[in-house]
Amino acid sequence: MPRTPHINWQSLAEQAMTHRRRGDHAAAIVAYRAALALPGAPAELHFNLGNALCQQGSWAEAEAPLAQALAANPALTVAALQLARCRARLGRYEAAAAGFAAVLRGEPGNFNAALEGGHALRRLGREAEALGCYAMAIQAAPARWEGHLAMARALEEGGRADEGAAHYHQALSLAGDDRPRRLHLHMTQYRLERGAAALALESLRQAMLCAALEQPPPSADERALMQLDLAAILLRLGLGEEAERRLGEASEASENEAILVRAAELALRHNLWQQALTILRRNVALRPENGSAHWNLAHMLSEAWYMEEALEALARAEALAPQPGAGPMRASIASRQGEADTALQLFLAQVEAGDTALASGAAMSALYADSIDAAEVAALHRRLFARLGEGARAVASFRNGREPGRRLRVGMITPDLHHQHPVNIFMQPVLARWDGAAMPISLYFTGISHDEETRQARGRVAHWVECASWTDGQLARRIEADGIDILIDLSGHTQRGKMPLFGNRAAPVQVTFLGYPGSTGVPNIDWIITDSVVAPEGSEGLFSERVMRLPNTVFCFAPAPDSYYPDFGPAHAARPLTFGSFNNLPKLTPRTLGLWAEILHRLPQSRLLVKAPSFRDPGAMAGFTRRMAALGIAADRLELRGPTGMAEMMAEYADIDIALDPVPYNGGTTTLQAMWMGAPVLARRGEAFVSRMGASFMAAAALSDWVADSDADYVETAVRHGSDRAGLLALKQGMRARLLATPAWDIDRYTQDLQAALRKIWQEFCASTGG
């Protein structure tokens, strides 16, 4: 009989090393784990296992074996260094910085610990300490370029451009003939991160010049990446047509999946939906059996509001390989299809399974859901975000002066000052009129989309900080260094919001305003700015924040007073009565559609016009038509329109006689736009902020007879006003003048009221803290 070969830890460790030399890290990991399970295996094998996991990119799994190796041998510097790297990769920069510092205490000349420790400290916003680490790295290895380049970046970011330039040139002189292009590309990325587009263009041009002289020349993929960098810079500089050309060239020149995905993401950020989809469809054609290619396409289709096609692409991706993000994507798609209750349950299931990052998705879905009332929504928000207040900074630790009447430094955080975003639409007129002498604004821009609106906003504030790539630690330290007294959240639980930062407290007084229609439920957000309709006396229990009410209405819509207004004449009273909505499909819940169908049944000659981003997708249009057919409304009574530019969209409001506000999530921007263009809005007053916005806007226009207090009253009010065509025409003809005569549409007064509200908040803070 053949003898069974003896298996011991040594032979398994040798097998693992052989696998690693071949680049097969997965097989090496299996062998190391098997070796560690056998008697006599040394602790150093834990380091080898952790190292193999790092090489595979499994940073979370690598932490435990690296820690075990270090516990067994505290002098094992390589394990300490790799463990610190692992924690940095996981975004745990405090632990990473402490780990690198520990290595440096044992080995003050350790170049890698000094350099990477500097990177971790920079991520934490500890710039002076980061500079100290970079200086140590340069001292430890004066002939290496990496320390000088890191120092150049840090000095330039800190406003010490001349010193930074000296280190930049020193890095270039040390890099040798084969690296200058890469150094210039590194600096291009650093400069883009902080919004210095002109400087980024300068370093990219240097990189391209180096590329033109290189022998052998850079690969097609390397050239495509430079074209993408150029496209990103040109978009920042407002040169859209040339940027689109460069983007197209880059995506056509490469078949590399990572490059194609990056090109598509860049196109998406700048609202180039079709170009993004074209790129990712090409990626799928190149890799039909690759699950990630189908996944990336599914994500992009969802972002572009092609929901049914997104689900099909997701199914293909899952058929090829497990997709960890499938659950969240299905929840997002359900929300975008108007199935808010389904989305809420899917998001909550993910949160309960441990994915707390999806708590904001659950919170948003709750605002749309028909199945829970206002008190339940408020309680859910508190429950989902209570953890964000754990270990928060104390108010007393801030050294801001407590004088009630002094000049206040106001900080605002938002990613949304671009294109047609509602926050941008409402904030631009406010920023243009803000009294910066009394309350200078520091705007912390966390967005990744930039356009002419972003540039305009930048010119309207005292200080603008590009911080999309910053950690919360970096941002908190910058906010404190800027001496911010009142920090305002303009995002809430929407995309790229900074709720953990607020939960941990980054300023003495924190306020939420505009970006989220209701209480955040986040600890340490002290105030929410509202009005007396969206947050009437007695509703304070629905808010985790204290309530500050503006005197007129919570949002002020303020286009140019002489902007286009339809010429409403007799023909508008003679045409078929047209109800309409320009709200996104998530707001069109079963309850909303049921009410609209009942109105159409009561007025059998009427019709419904719905315009939504989803209706660029024929599948979404067919799905909506089916939903209405199930309620007894034939397709010939519906008109469905897809998205257009802002000017075209505003003109289309003339095709609506009466706008219908959805429930429970009312229209915000769309309601005010409809009113501005002469379409009165039928509103249903609910219990919560999100369900009372329509009532606020109509009351501010002295049109309270358009606000219903029950579902039955909503239908009856529609029938009453829809039956009075002559009265409706007269109202439409005078709507713009009516609005301009009311305080709620006086943007100068509104801005003053907002600043007065912040002053009152500050005075109350000073009184409560002994100021």
# chains A, B, ... in the order shown; residues from 1 in each chain; ligands from 1
$ residues_around --residues "Leu550 in chain A" --least-positions-apart "4" --cutoff "9 Å" --atoms "only C-alpha atoms" --output "ChimeraX atom specification"
/A:529-532,554,750,753-754,757
$ residues_around --residues "range 312-317 of chain A" --least-positions-apart "2" --cutoff "9 Å" --atoms "only C-alpha atoms" --output "NGL selection string"
:A and (289-299 or 301 or 307-310 or 319-323 or 326 or 329-330)
$ atom_distance --atom1 "CA of Ala114 in chain A" --atom2 "CA of Gly147 in chain A"
8.9 Å
$ select_by_dssp --residues "range 99-230 of chain A" --states "helix (DSSP H, G or I)" --output "ChimeraX atom specification"
/A:99-106,111-123,127-140,145-157,161-175,180-193,197-213,220-230
$ residues_around --residues "Arg87 in chain A" --least-positions-apart "4" --cutoff "12 Å" --atoms "only C-alpha atoms" --output "count of residues only"
27
$ closest_residue --among "A:Cys133, A:Ala683, A:Ala630, A:Ala304" --to "Pro662 in chain A" --atoms "only C-alpha atoms"
A:Ala683
$ residues_around --residues "Pro508 in chain A" --least-positions-apart "3" --cutoff "10 Å" --atoms "only C-alpha atoms" --output "ChimeraX atom specification"
/A:393-400,480,483-487,505,524,526,762,765
$ write_last_selection --atoms "all heavy atoms" --output "compact mmCIF listing (two decimals), in the first residue's frame"
# COMPACT_ATOMS: atom_id res chain seq x y z
N ARG A 393 -17.94 64.79 21.03
CA ARG A 393 -17.19 65.87 21.69
C ARG A 393 -18.15 66.74 22.51
O ARG A 393 -19.28 67.02 22.08
CB ARG A 393 -16.49 66.71 20.62
CG ARG A 393 -15.62 67.79 21.19
CD ARG A 393 -14.78 68.45 20.13
NE ARG A 393 -14.02 69.54 20.71
CZ ARG A 393 -13.20 70.33 20.02
NH1 ARG A 393 -13.05 70.11 18.71
NH2 ARG A 393 -12.54 71.30 20.61
N ALA A 394 -17.71 67.20 23.65
CA ALA A 394 -18.53 68.04 24.51
C ALA A 394 -18.55 69.47 24.00
O ALA A 394 -17.54 69.98 23.50
CB ALA A 394 -17.99 68.01 25.94
N VAL A 395 -19.68 70.13 24.17
CA VAL A 395 -19.80 71.53 23.75
C VAL A 395 -18.77 72.40 24.47
O VAL A 395 -18.16 73.31 23.88
CB VAL A 395 -21.23 72.06 24.03
CG1 VAL A 395 -21.31 73.55 23.81
CG2 VAL A 395 -22.24 71.34 23.15
N ALA A 396 -18.55 72.12 25.75
CA ALA A 396 -17.64 72.94 26.55
C ALA A 396 -16.20 72.90 26.06
O ALA A 396 -15.39 73.77 26.41
CB ALA A 396 -17.70 72.49 28.02
N SER A 397 -15.86 71.90 25.23
CA SER A 397 -14.48 71.79 24.75
C SER A 397 -14.14 72.79 23.65
O SER A 397 -12.97 72.96 23.33
CB SER A 397 -14.22 70.36 24.25
OG SER A 397 -14.98 70.11 23.07
N PHE A 398 -15.15 73.45 23.09
CA PHE A 398 -14.88 74.45 22.06
C PHE A 398 -14.57 75.79 22.72
O PHE A 398 -15.24 76.20 23.67
CB PHE A 398 -16.09 74.59 21.12
CG PHE A 398 -16.34 73.37 20.28
CD1 PHE A 398 -17.19 72.37 20.72
CD2 PHE A 398 -15.71 73.22 19.06
CE1 PHE A 398 -17.41 71.24 19.96
CE2 PHE A 398 -15.92 72.09 18.29
CZ PHE A 398 -16.78 71.09 18.74
N ARG A 399 -13.60 76.49 22.20
CA ARG A 399 -13.12 77.72 22.83
C ARG A 399 -13.71 78.99 22.21
O ARG A 399 -13.24 80.09 22.51
CB ARG A 399 -11.60 77.76 22.77
CG ARG A 399 -10.95 76.60 23.53
CD ARG A 399 -9.43 76.68 23.47
NE ARG A 399 -8.82 75.56 24.19
CZ ARG A 399 -7.50 75.38 24.29
NH1 ARG A 399 -6.66 76.24 23.69
NH2 ARG A 399 -7.02 74.35 24.96
N ASN A 400 -14.70 78.84 21.36
CA ASN A 400 -15.32 80.02 20.75
C ASN A 400 -15.84 80.97 21.81
O ASN A 400 -16.43 80.55 22.81
CB ASN A 400 -16.48 79.59 19.84
CG ASN A 400 -16.09 78.55 18.83
OD1 ASN A 400 -15.57 77.50 19.19
ND2 ASN A 400 -16.32 78.81 17.56
N GLU A 480 -12.79 73.42 13.17
CA GLU A 480 -12.36 74.04 14.43
C GLU A 480 -11.29 75.10 14.18
O GLU A 480 -11.33 76.18 14.79
CB GLU A 480 -11.82 72.98 15.37
CG GLU A 480 -11.44 73.55 16.72
CD GLU A 480 -11.05 72.49 17.73
OE1 GLU A 480 -10.77 71.35 17.33
OE2 GLU A 480 -11.02 72.82 18.95
N GLY A 483 -12.61 78.33 13.28
CA GLY A 483 -13.35 79.02 14.33
C GLY A 483 -14.85 79.08 14.10
O GLY A 483 -15.51 80.05 14.51
N ILE A 484 -15.42 78.06 13.48
CA ILE A 484 -16.84 78.08 13.15
C ILE A 484 -17.69 78.07 14.43
O ILE A 484 -17.50 77.23 15.29
CB ILE A 484 -17.20 76.90 12.24
CG1 ILE A 484 -16.45 76.99 10.91
CG2 ILE A 484 -18.71 76.83 12.01
CD1 ILE A 484 -16.68 78.25 10.12
N ASP A 485 -18.63 78.99 14.49
CA ASP A 485 -19.54 79.07 15.63
C ASP A 485 -20.80 78.24 15.40
O ASP A 485 -21.24 77.50 16.28
CB ASP A 485 -19.94 80.53 15.88
CG ASP A 485 -18.75 81.42 16.17
OD1 ASP A 485 -17.99 81.09 17.09
OD2 ASP A 485 -18.58 82.44 15.46
N ILE A 486 -21.39 78.39 14.21
CA ILE A 486 -22.61 77.67 13.87
C ILE A 486 -22.34 76.87 12.60
O ILE A 486 -21.99 77.45 11.56
CB ILE A 486 -23.81 78.61 13.65
CG1 ILE A 486 -24.09 79.42 14.91
CG2 ILE A 486 -25.05 77.82 13.25
CD1 ILE A 486 -25.22 80.43 14.76
N LEU A 487 -22.49 75.57 12.68
CA LEU A 487 -22.26 74.70 11.53
C LEU A 487 -23.61 74.21 11.01
O LEU A 487 -24.41 73.65 11.77
CB LEU A 487 -21.39 73.51 11.95
CG LEU A 487 -20.96 72.55 10.83
CD1 LEU A 487 -20.07 73.26 9.81
CD2 LEU A 487 -20.24 71.34 11.42
N ARG A 505 -20.14 65.83 16.77
CA ARG A 505 -20.06 67.27 17.02
C ARG A 505 -18.76 67.87 16.50
O ARG A 505 -17.67 67.55 16.98
CB ARG A 505 -20.26 67.63 18.50
CG ARG A 505 -20.37 69.17 18.67
CD ARG A 505 -20.75 69.61 20.05
NE ARG A 505 -22.11 69.30 20.44
CZ ARG A 505 -23.19 69.98 20.07
NH1 ARG A 505 -23.07 71.03 19.26
NH2 ARG A 505 -24.38 69.61 20.51
N ASN A 524 -26.79 65.59 18.72
CA ASN A 524 -25.88 66.74 18.63
C ASN A 524 -26.16 67.69 17.47
O ASN A 524 -25.42 68.66 17.30
CB ASN A 524 -24.41 66.30 18.63
CG ASN A 524 -24.05 65.57 19.90
OD1 ASN A 524 -24.39 66.01 21.00
ND2 ASN A 524 -23.42 64.41 19.77
N ASP A 526 -28.34 70.46 17.01
CA ASP A 526 -29.06 71.18 18.06
C ASP A 526 -30.38 71.78 17.60
O ASP A 526 -31.34 71.84 18.37
CB ASP A 526 -28.15 72.30 18.60
CG ASP A 526 -26.80 71.78 19.04
OD1 ASP A 526 -26.78 70.95 19.97
OD2 ASP A 526 -25.78 72.19 18.46
N TRP A 762 -27.75 81.62 18.29
CA TRP A 762 -26.49 81.89 18.96
C TRP A 762 -26.72 82.55 20.32
O TRP A 762 -26.06 82.21 21.32
CB TRP A 762 -25.59 82.77 18.09
CG TRP A 762 -24.27 83.07 18.74
CD1 TRP A 762 -23.87 84.24 19.29
CD2 TRP A 762 -23.20 82.14 18.94
NE1 TRP A 762 -22.61 84.12 19.81
CE2 TRP A 762 -22.18 82.84 19.60
CE3 TRP A 762 -23.01 80.80 18.61
CZ2 TRP A 762 -20.96 82.24 19.95
CZ3 TRP A 762 -21.80 80.21 18.96
CH2 TRP A 762 -20.80 80.92 19.63
N PHE A 765 -27.70 80.02 22.74
CA PHE A 765 -26.54 79.21 23.11
C PHE A 765 -25.70 79.94 24.16
O PHE A 765 -25.29 79.34 25.17
CB PHE A 765 -25.70 78.91 21.87
CG PHE A 765 -24.34 78.33 22.17
CD1 PHE A 765 -24.22 77.01 22.59
CD2 PHE A 765 -23.20 79.10 22.05
CE1 PHE A 765 -22.97 76.47 22.87
CE2 PHE A 765 -21.95 78.57 22.33
CZ PHE A 765 -21.84 77.26 22.75
$ closest_residue --among "A:Pro664, A:Pro643, A:Gly57, A:Pro218" --to "Lys611 in chain A" --atoms "only C-alpha atoms"
A:Pro643
$ atom_distance --atom1 "CA of Leu124 in chain A" --atom2 "CA of Met187 in chain A"
20.2 Å
$ closest_residue --among "A:Met300, A:Cys766, A:Ala635, A:Ile233" --to "Ile333 in chain A" --atoms "only C-alpha atoms"
A:Met300
$ residues_around --residues "range 409-415 of chain A" --least-positions-apart "5" --cutoff "8 Å" --atoms "only C-alpha atoms" --output "list in words"
Met439, Pro440, Ile441, Ser442, Leu443, Tyr444, Phe445, Thr446, Gly447, Ile448, Ser449, Ala468, Ile479, Gly483, Ile484, Asp485, Ile486, Leu487, Ile488, Asp489, Leu490, Ser491, Arg496, Gly497 and Lys498 of chain A
$ residues_around --residues "Ala622 in chain A" --least-positions-apart "3" --cutoff "12 Å" --atoms "only C-alpha atoms" --output "count of residues only"
18
